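Below is one structure, written out as structure tokens; comments come after it.
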Amino acid sequence: MTELDKRRVCVVVLGDIGHSPRMQYHAISLSQEGFIVDFVGYGGSRPHKNLLDDKNIKLHLMRDLPRFHSCLPRLLSYAAKVIWQMFSLLFMLVSLSPPTHFLVQNPPAIPSLAVVWFVSGMWRTEMVIDWHNYGYTILSLTLGTGHSLVYFSKWYEGFFARRASHNFCVTQAMKIHLHQQWNAKATVLYDRPADIFQNISLDEQHSLFQKLSKEYVVFSSSDDGKEGEDTEATVFTELSPSGEVRLRKDRPALLISSTSWTEDEDFSILLMALEEYESVMRKGCRDLPKLICVITGKGPLKEYYSEMIRNKDFQYIDFSTPWLTAEDYPKLIASADLGVCLHTSSSGLDLPMKVVDMFGCGLPVCAIHFNCLAELVKHEENGLVFQDESELASQIQNLLTGFPKTSMNLEKFRKNLELFQSKRWHHSWKDTALSYFKK
């Protein structure tokens with residue numbers, strides 16, 4: 001089959017392609033089903049290896065906005081950014097071969113929905129919107145719900161929701177809301193873990209910890225504090241006399257949280273919960289392990305919270321805030337003992353993809369409560385849901401009591417996650433989404 005025989009889809013992300021895992025998964029699934037994919041977006045972080053290696057997928061990177069706009073007042077800066085993105089995206093799309101379908105991520109909504117709708121009308125192609133959240137609710141976090149730009153954004157998203165050929169969304173709650181608010185029909189396409197998010201062997205864990213210990217001292221078994229000391233053992237693993245990798249009996253528990261370091265995740269909640277954990281340890285509790293807390297990701301508030309961590313006096317808890325490669329991130333999740341999610345949705349209608357990734361690796365999670373979270377996290381079944389720092393502190397202590405010898409609740413949650421792990425992204429995508437691209 002030649003390229004001319006295959007159907008072509010243009011995937012559009014008005015953001016960093018490497019930071020858009022769901023859209024990358026869309027592109028990979030489309031390719032696996034025989035489509036040619038043009039992927040339009042911005043560069044920055046490295047996309048998934050499978051996407052880069054796929055001959056059916058071609059990346060088209062748009063030029064970044066010149067830095068002059070940062071010197072302008074906020075509203076003028078926003079207007080300059082929108083105008084630049086509008087013409088950049090328009091020129092990019094009309095330069096490509098006409099697709100049968102556009103698949104555009106929302107948010108961001110402005111100006112991508114308008115530009116894609118215009119070009120799809122010009123070429124008489126289908127426009128499919130993949131709703132991850134609402135742009136107007138994100139704007140309201142900084143501008144307030146009564147701001148005129150928020151009202152316009154809400155009207156704007158509703159206008160294109162009704163005019164799209166089809167809409168996908170991430171929760172049942174969002175599907176209902178799209179219909180009630182804008183009379184827009186949508187199909188729920190739940191996030192599911194990609195194949196890279198799965199259990200790994202003890203040997204793979206050991207290799208990962210050895211690699212990380214060369215850059216981050218908390219992973220090293222050495223007590224002398226030297227960064228990158230080359231030792232065979234790590235803080236979690238060691239070699240037996242016969243040369244086999246085994247978990248250390250005195251190992252700390254590995255707690256992991258992933259974040260984009262933005263306003264919708266209040267990491268002071270985790271820090272306060274860990275201060276309570278530290279207080280219990282200092283009172284002489286011997287049933288709880290020491291902790292290594294790893295917080296991954298990049299974002300605007302990373303330095304703010306990193307400074308807050310440095311100002312804390314922890315004796316039984318160590319922190320690391322690494323930036324991991326796309327290959328190492330799922331391995332570290334699979335090596336962890338407990339995940340924590342502090343994501344709160346601006347709309348209350350989307351779900352944290354980081355929890356999907358953790359569940360894909362069989363990792364139990366403590367997640368902060370918000371509307372529709374129960375569509376993913378089942379309290380006391382595959383994880384725990386908390387309301388505040390006190391409840392999170394209690395949950396961490398209860399789950400880790402007796403670690404590593406006994407951790408019955410953690411094992412129960414891991415067992416219950418096996419069914420979730422069995423259904424991966426492409427299987428779910430093929431059942432739910434493929435038919436809309438074959439029309």
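By order of appearance in the structure tokens: chains A, B, ..., then residues from 1 within every chain, and ligands from 1 in the order shown.
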(request) Run DSSP on the backbone and give me the residues of region 149-354 of chain A it puts in strand (DSSP E), as a PyMOL selection string. (result) chain A and resi 166-169+187-188+237-239+245-247+253-258+291-296+317-320+338-341
Residues at most 7 Å from region 18-21 of chain A, counting only C-alpha atoms, excluding those fewer than 2 positions away in the same chain, as a compact mmCIF listing (two decimals) with all heavy atoms, in the first residue's frame?
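Dumped everything to result.txt:
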# COMPACT_ATOMS: atom_id res chain seq x y z
N ASP A 16 3.91 22.07 23.40
CA ASP A 16 5.06 21.18 23.27
C ASP A 16 4.57 19.76 22.98
O ASP A 16 3.86 19.16 23.79
CB ASP A 16 5.86 21.23 24.58
CG ASP A 16 7.15 20.43 24.53
OD1 ASP A 16 7.30 19.55 23.65
OD2 ASP A 16 8.02 20.67 25.39
N MET A 23 -1.90 13.00 22.87
CA MET A 23 -1.92 13.25 21.44
C MET A 23 -0.84 12.42 20.73
O MET A 23 -1.02 12.00 19.58
CB MET A 23 -1.74 14.74 21.15
CG MET A 23 -2.81 15.62 21.80
SD MET A 23 -4.52 15.08 21.46
CE MET A 23 -4.70 15.60 19.74
N GLN A 24 0.27 12.19 21.40
CA GLN A 24 1.28 11.28 20.84
C GLN A 24 0.71 9.88 20.70
O GLN A 24 0.93 9.19 19.69
CB GLN A 24 2.52 11.26 21.73
CG GLN A 24 3.30 12.57 21.77
CD GLN A 24 4.56 12.43 22.61
OE1 GLN A 24 5.51 11.75 22.24
NE2 GLN A 24 4.57 13.11 23.76
N TYR A 25 -0.05 9.44 21.71
CA TYR A 25 -0.67 8.11 21.65
C TYR A 25 -1.68 8.04 20.50
O TYR A 25 -1.78 7.02 19.80
CB TYR A 25 -1.36 7.77 22.97
CG TYR A 25 -0.46 7.72 24.19
CD1 TYR A 25 -0.98 7.79 25.47
CD2 TYR A 25 0.93 7.58 24.06
CE1 TYR A 25 -0.18 7.73 26.60
CE2 TYR A 25 1.75 7.54 25.17
CZ TYR A 25 1.19 7.61 26.44
OH TYR A 25 2.00 7.56 27.54
N GLY A 44 10.59 21.33 21.93
CA GLY A 44 10.91 21.57 23.35
C GLY A 44 11.46 20.30 23.96
O GLY A 44 12.64 20.00 23.85
N SER A 45 10.58 19.53 24.59
CA SER A 45 11.00 18.26 25.17
C SER A 45 10.94 17.16 24.11
O SER A 45 10.26 17.29 23.09
CB SER A 45 10.11 17.90 26.37
OG SER A 45 8.77 17.83 25.98
N ARG A 46 11.64 16.08 24.38
CA ARG A 46 11.76 15.00 23.41
C ARG A 46 10.49 14.15 23.40
O ARG A 46 10.07 13.64 24.44
CB ARG A 46 12.97 14.13 23.76
CG ARG A 46 13.28 13.02 22.75
CD ARG A 46 14.60 12.35 23.11
NE ARG A 46 14.91 11.26 22.19
CZ ARG A 46 14.54 9.99 22.40
NH1 ARG A 46 13.85 9.67 23.49
NH2 ARG A 46 14.87 9.06 21.53
N PRO A 47 9.88 13.96 22.24
CA PRO A 47 8.69 13.10 22.16
C PRO A 47 9.02 11.63 22.40
O PRO A 47 10.19 11.24 22.47
CB PRO A 47 8.19 13.33 20.72
CG PRO A 47 8.82 14.59 20.27
CD PRO A 47 10.15 14.64 20.97
N HIS A 48 7.98 10.83 22.48
CA HIS A 48 8.10 9.39 22.70
C HIS A 48 8.94 8.76 21.58
O HIS A 48 8.80 9.10 20.40
CB HIS A 48 6.69 8.79 22.71
CG HIS A 48 6.63 7.41 23.28
ND1 HIS A 48 7.14 6.32 22.63
CD2 HIS A 48 6.10 6.94 24.43
CE1 HIS A 48 6.92 5.24 23.34
NE2 HIS A 48 6.29 5.59 24.45
(request) Compile the contact shell of Trp131 (chain A) as an MDAnalysis selection string: residues with an atom at most 9 Å away, counting only C-alpha atoms, same-chain residues fewer than 6 positions apart removed. (result) chainID A and resid 104:107 167:170 174 350
(message) Show me, as a ChimeraX atom specification, the residues that have an atom within 12 Å of Gly121 (chain A) when counting only C-alpha atoms, minus same-chain residues fewer than 6 positions from it.
(response) /A:94,98-102,114-115,127,163-165
(message) Just checking: using only C-alpha atoms, which residue out of A:Ala393, A:Val150, A:Ala433, A:Leu342 ends up closest to Glu278 (chain A)?
(response)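 That would be A:Ala393, the residue with the smallest distance to Glu278 (chain A).
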Give me the residues of region 322-360 of chain A that have any atom at most 9 Å from an atom of region 376-380 of chain A; for each, the nearest atom pair and the distance in Å, rounded to one decimal. Use only C-alpha atoms, sort by chain and number, and format it as CSV.
residue,atom,partner,partner_atom,distance
A:Leu351,CA,A:Leu376,CA,7.4
A:Pro352,CA,A:Leu376,CA,8.8
A:Val355,CA,A:Leu376,CA,8.2
A:Val356,CA,A:Leu376,CA,7.9
(request) Find the spatial neighbours of region 265-267 of chain A, counting only C-alpha atoms, within a cut-off of 7 Å - ignore same-chain residues fewer than 4 positions away - and output them as a list in words. (result) Trp261, Leu271, Leu342, His343 and Thr344 of chain A
Write a file of the selected residues as a PDB file, in the first residue's frame, keeping all heavy atoms.
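Output file result.pdb is given in full below:
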ATOM      1  N   TRP A 261       4.171  21.482  38.110  1.00  0.00           N
ATOM      2  CA  TRP A 261       4.516  22.616  38.966  1.00  0.00           C
ATOM      3  C   TRP A 261       3.684  23.849  38.605  1.00  0.00           C
ATOM      4  O   TRP A 261       4.227  24.925  38.339  1.00  0.00           O
ATOM      5  CB  TRP A 261       6.001  22.930  38.887  1.00  0.00           C
ATOM      6  CG  TRP A 261       6.919  21.829  39.319  1.00  0.00           C
ATOM      7  CD1 TRP A 261       7.633  20.997  38.511  1.00  0.00           C
ATOM      8  CD2 TRP A 261       7.228  21.432  40.665  1.00  0.00           C
ATOM      9  NE1 TRP A 261       8.369  20.114  39.265  1.00  0.00           N
ATOM     10  CE2 TRP A 261       8.149  20.360  40.588  1.00  0.00           C
ATOM     11  CE3 TRP A 261       6.830  21.882  41.915  1.00  0.00           C
ATOM     12  CZ2 TRP A 261       8.665  19.722  41.719  1.00  0.00           C
ATOM     13  CZ3 TRP A 261       7.358  21.255  43.044  1.00  0.00           C
ATOM     14  CH2 TRP A 261       8.253  20.202  42.939  1.00  0.00           C
ATOM     15  N   LEU A 271       3.981  18.460  51.525  1.00  0.00           N
ATOM     16  CA  LEU A 271       5.042  18.816  52.471  1.00  0.00           C
ATOM     17  C   LEU A 271       4.528  18.811  53.909  1.00  0.00           C
ATOM     18  O   LEU A 271       5.217  18.336  54.820  1.00  0.00           O
ATOM     19  CB  LEU A 271       5.624  20.187  52.117  1.00  0.00           C
ATOM     20  CG  LEU A 271       6.401  20.264  50.803  1.00  0.00           C
ATOM     21  CD1 LEU A 271       6.932  21.666  50.580  1.00  0.00           C
ATOM     22  CD2 LEU A 271       7.538  19.257  50.782  1.00  0.00           C
ATOM     23  N   LEU A 342      -1.599  15.284  43.477  1.00  0.00           N
ATOM     24  CA  LEU A 342      -2.167  16.502  44.039  1.00  0.00           C
ATOM     25  C   LEU A 342      -2.895  17.328  42.972  1.00  0.00           C
ATOM     26  O   LEU A 342      -3.193  18.496  43.186  1.00  0.00           O
ATOM     27  CB  LEU A 342      -1.069  17.339  44.684  1.00  0.00           C
ATOM     28  CG  LEU A 342      -0.409  16.664  45.900  1.00  0.00           C
ATOM     29  CD1 LEU A 342       0.909  17.304  46.215  1.00  0.00           C
ATOM     30  CD2 LEU A 342      -1.331  16.722  47.108  1.00  0.00           C
ATOM     31  N   HIS A 343      -3.172  16.707  41.845  1.00  0.00           N
ATOM     32  CA  HIS A 343      -3.855  17.399  40.750  1.00  0.00           C
ATOM     33  C   HIS A 343      -5.302  17.684  41.114  1.00  0.00           C
ATOM     34  O   HIS A 343      -6.034  16.798  41.537  1.00  0.00           O
ATOM     35  CB  HIS A 343      -3.814  16.528  39.487  1.00  0.00           C
ATOM     36  CG  HIS A 343      -4.663  17.033  38.373  1.00  0.00           C
ATOM     37  ND1 HIS A 343      -4.222  17.960  37.469  1.00  0.00           N
ATOM     38  CD2 HIS A 343      -5.947  16.744  38.018  1.00  0.00           C
ATOM     39  CE1 HIS A 343      -5.182  18.222  36.593  1.00  0.00           C
ATOM     40  NE2 HIS A 343      -6.240  17.492  36.902  1.00  0.00           N
ATOM     41  N   THR A 344      -5.689  18.947  40.966  1.00  0.00           N
ATOM     42  CA  THR A 344      -7.096  19.318  41.099  1.00  0.00           C
ATOM     43  C   THR A 344      -7.512  19.987  39.803  1.00  0.00           C
ATOM     44  O   THR A 344      -6.857  20.900  39.320  1.00  0.00           O
ATOM     45  CB  THR A 344      -7.328  20.285  42.271  1.00  0.00           C
ATOM     46  OG1 THR A 344      -6.471  21.428  42.123  1.00  0.00           O
ATOM     47  CG2 THR A 344      -7.041  19.606  43.594  1.00  0.00           C
TER      48      THR A 344
END
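CA of Val128 (chain A) lies 14.5 Å from CA of Arg22 (chain A).
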(message) Using DSSP secondary structure from the backbone, list all helix (DSSP H, G or I) positions within region 206-435 of chain A, as a ChimeraX atom specification.
(response) /A:206-213,217-219,268-282,302-310,328-335,353-360,373-375,389-400,408-416,418-422,425-432,434-435
(request) Just the residues within 6 Å of region 195-198 of chain A, please, counting only C-alpha atoms, with nothing from its chain fewer than 5 positions along; format it as a list in words. (result)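 After dropping sequence-adjacent residues, the list is Pro330, Asp357, Gly360 and Cys361 of chain A.
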(request) Mind giving me the straight-line distance from CA of Tyr156 (chain A) to CA of Leu143 (chain A) in Å, one decimal? (result) 16.7 Å
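If only C-alpha atoms are the atoms counted, then among A:Asp54, A:Glu215, A:Asp328, A:Glu391 the closest residue to Ala27 (chain A) is A:Asp54.
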(request) Please indicate the distance in Å from CA of Pro66 (chain A) to CA of Pro108 (chain A), rounded to one decimal place. (result)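 Distance reported for this atom pair: 19.2 Å.
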(request) Pick out the closest residue to Phe118 (chain A) from this set: A:Tyr436, A:Phe160, A:Tyr329, A:Trp429. Count only C-alpha atoms. (result)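 Among A:Tyr436, A:Phe160, A:Tyr329, A:Trp429, it is A:Phe160 that comes nearest to Phe118 (chain A).
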(request) Determine the nearest neighbour of Phe152 (chain A) from the options A:Asn56, A:Ser213, A:Gln315, A:Thr137, counting only C-alpha atoms. (result) A:Thr137
I want to know what sits within 8 Å of Val37 (chain A), based on only C-alpha atoms, with residues of the same chain fewer than 6 positions away left out; could you give that as a CSV table (one decimal) with all heavy atoms, in the first residue's frame?
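Below is the file that was written, result.csv:
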chain,number,residue,atom,x,y,z
A,8,ARG,N,-5.1,10.1,5.6
A,8,ARG,CA,-4.1,11.0,6.2
A,8,ARG,C,-4.9,11.8,7.3
A,8,ARG,O,-6.0,12.3,7.1
A,8,ARG,CB,-3.6,12.0,5.2
A,8,ARG,CG,-2.5,13.0,5.8
A,8,ARG,CD,-2.0,13.9,4.7
A,8,ARG,NE,-1.3,13.2,3.7
A,8,ARG,CZ,0.1,13.0,3.7
A,8,ARG,NH1,0.7,13.5,4.8
A,8,ARG,NH2,0.7,12.3,2.8
A,9,VAL,N,-4.3,11.9,8.5
A,9,VAL,CA,-4.8,12.6,9.6
A,9,VAL,C,-3.8,13.7,10.0
A,9,VAL,O,-2.6,13.3,10.1
A,9,VAL,CB,-5.2,11.7,10.8
A,9,VAL,CG1,-5.7,12.6,12.0
A,9,VAL,CG2,-6.3,10.7,10.4
A,10,CYS,N,-4.2,14.9,10.3
A,10,CYS,CA,-3.4,15.9,10.8
A,10,CYS,C,-3.7,16.1,12.3
A,10,CYS,O,-4.8,16.5,12.7
A,10,CYS,CB,-3.5,17.2,10.1
A,10,CYS,SG,-2.4,18.5,10.6
A,11,VAL,N,-2.7,15.8,13.2
A,11,VAL,CA,-2.9,16.0,14.6
A,11,VAL,C,-2.3,17.4,15.0
A,11,VAL,O,-1.2,17.7,14.6
A,11,VAL,CB,-2.2,14.9,15.4
A,11,VAL,CG1,-2.3,15.1,16.9
A,11,VAL,CG2,-2.8,13.5,15.0
A,27,ALA,N,-1.5,9.7,17.7
A,27,ALA,CA,-0.7,9.6,16.5
A,27,ALA,C,-0.2,8.2,16.2
A,27,ALA,O,-0.2,7.7,15.1
A,27,ALA,CB,0.4,10.6,16.5
A,30,LEU,N,-3.0,5.8,15.3
A,30,LEU,CA,-3.4,6.1,13.9
A,30,LEU,C,-2.5,5.4,12.9
A,30,LEU,O,-2.9,4.8,11.9
A,30,LEU,CB,-3.5,7.6,13.6
A,30,LEU,CG,-4.7,8.3,14.2
A,30,LEU,CD1,-4.5,9.8,14.2
A,30,LEU,CD2,-6.0,8.0,13.4
A,31,SER,N,-1.2,5.6,13.2
A,31,SER,CA,-0.2,5.0,12.3
A,31,SER,C,-0.3,3.5,12.3
A,31,SER,O,-0.2,2.8,11.3
A,31,SER,CB,1.2,5.4,12.8
A,31,SER,OG,2.2,4.7,12.1
A,56,ASN,N,5.5,6.5,9.5
A,56,ASN,CA,4.2,7.0,9.0
A,56,ASN,C,3.8,8.4,9.7
A,56,ASN,O,2.8,9.0,9.4
A,56,ASN,CB,3.0,6.1,9.3
A,56,ASN,CG,3.1,4.9,8.4
A,56,ASN,OD1,3.6,4.9,7.3
A,56,ASN,ND2,2.4,3.8,8.8
A,57,ILE,N,4.7,8.8,10.7
A,57,ILE,CA,4.4,10.0,11.4
A,57,ILE,C,5.5,11.1,11.1
A,57,ILE,O,6.7,10.8,11.2
A,57,ILE,CB,4.3,9.8,12.9
A,57,ILE,CG1,3.3,8.8,13.3
A,57,ILE,CG2,4.1,11.1,13.7
A,57,ILE,CD1,3.3,8.3,14.7
A,58,LYS,N,5.0,12.2,10.6
A,58,LYS,CA,6.0,13.3,10.4
A,58,LYS,C,5.7,14.5,11.2
A,58,LYS,O,4.5,15.0,11.3
A,58,LYS,CB,5.9,13.7,8.9
A,58,LYS,CG,7.0,14.8,8.5
A,58,LYS,CD,7.0,15.1,7.0
A,58,LYS,CE,8.1,16.1,6.7
A,58,LYS,NZ,8.1,16.4,5.2
(request) Return the single residue from A:Pro193, A:Gly135, A:Gly34, A:Gly41 that is closest to His427 (chain A), with distances computed using only C-alpha atoms. (result)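 Closest candidate: A:Pro193.
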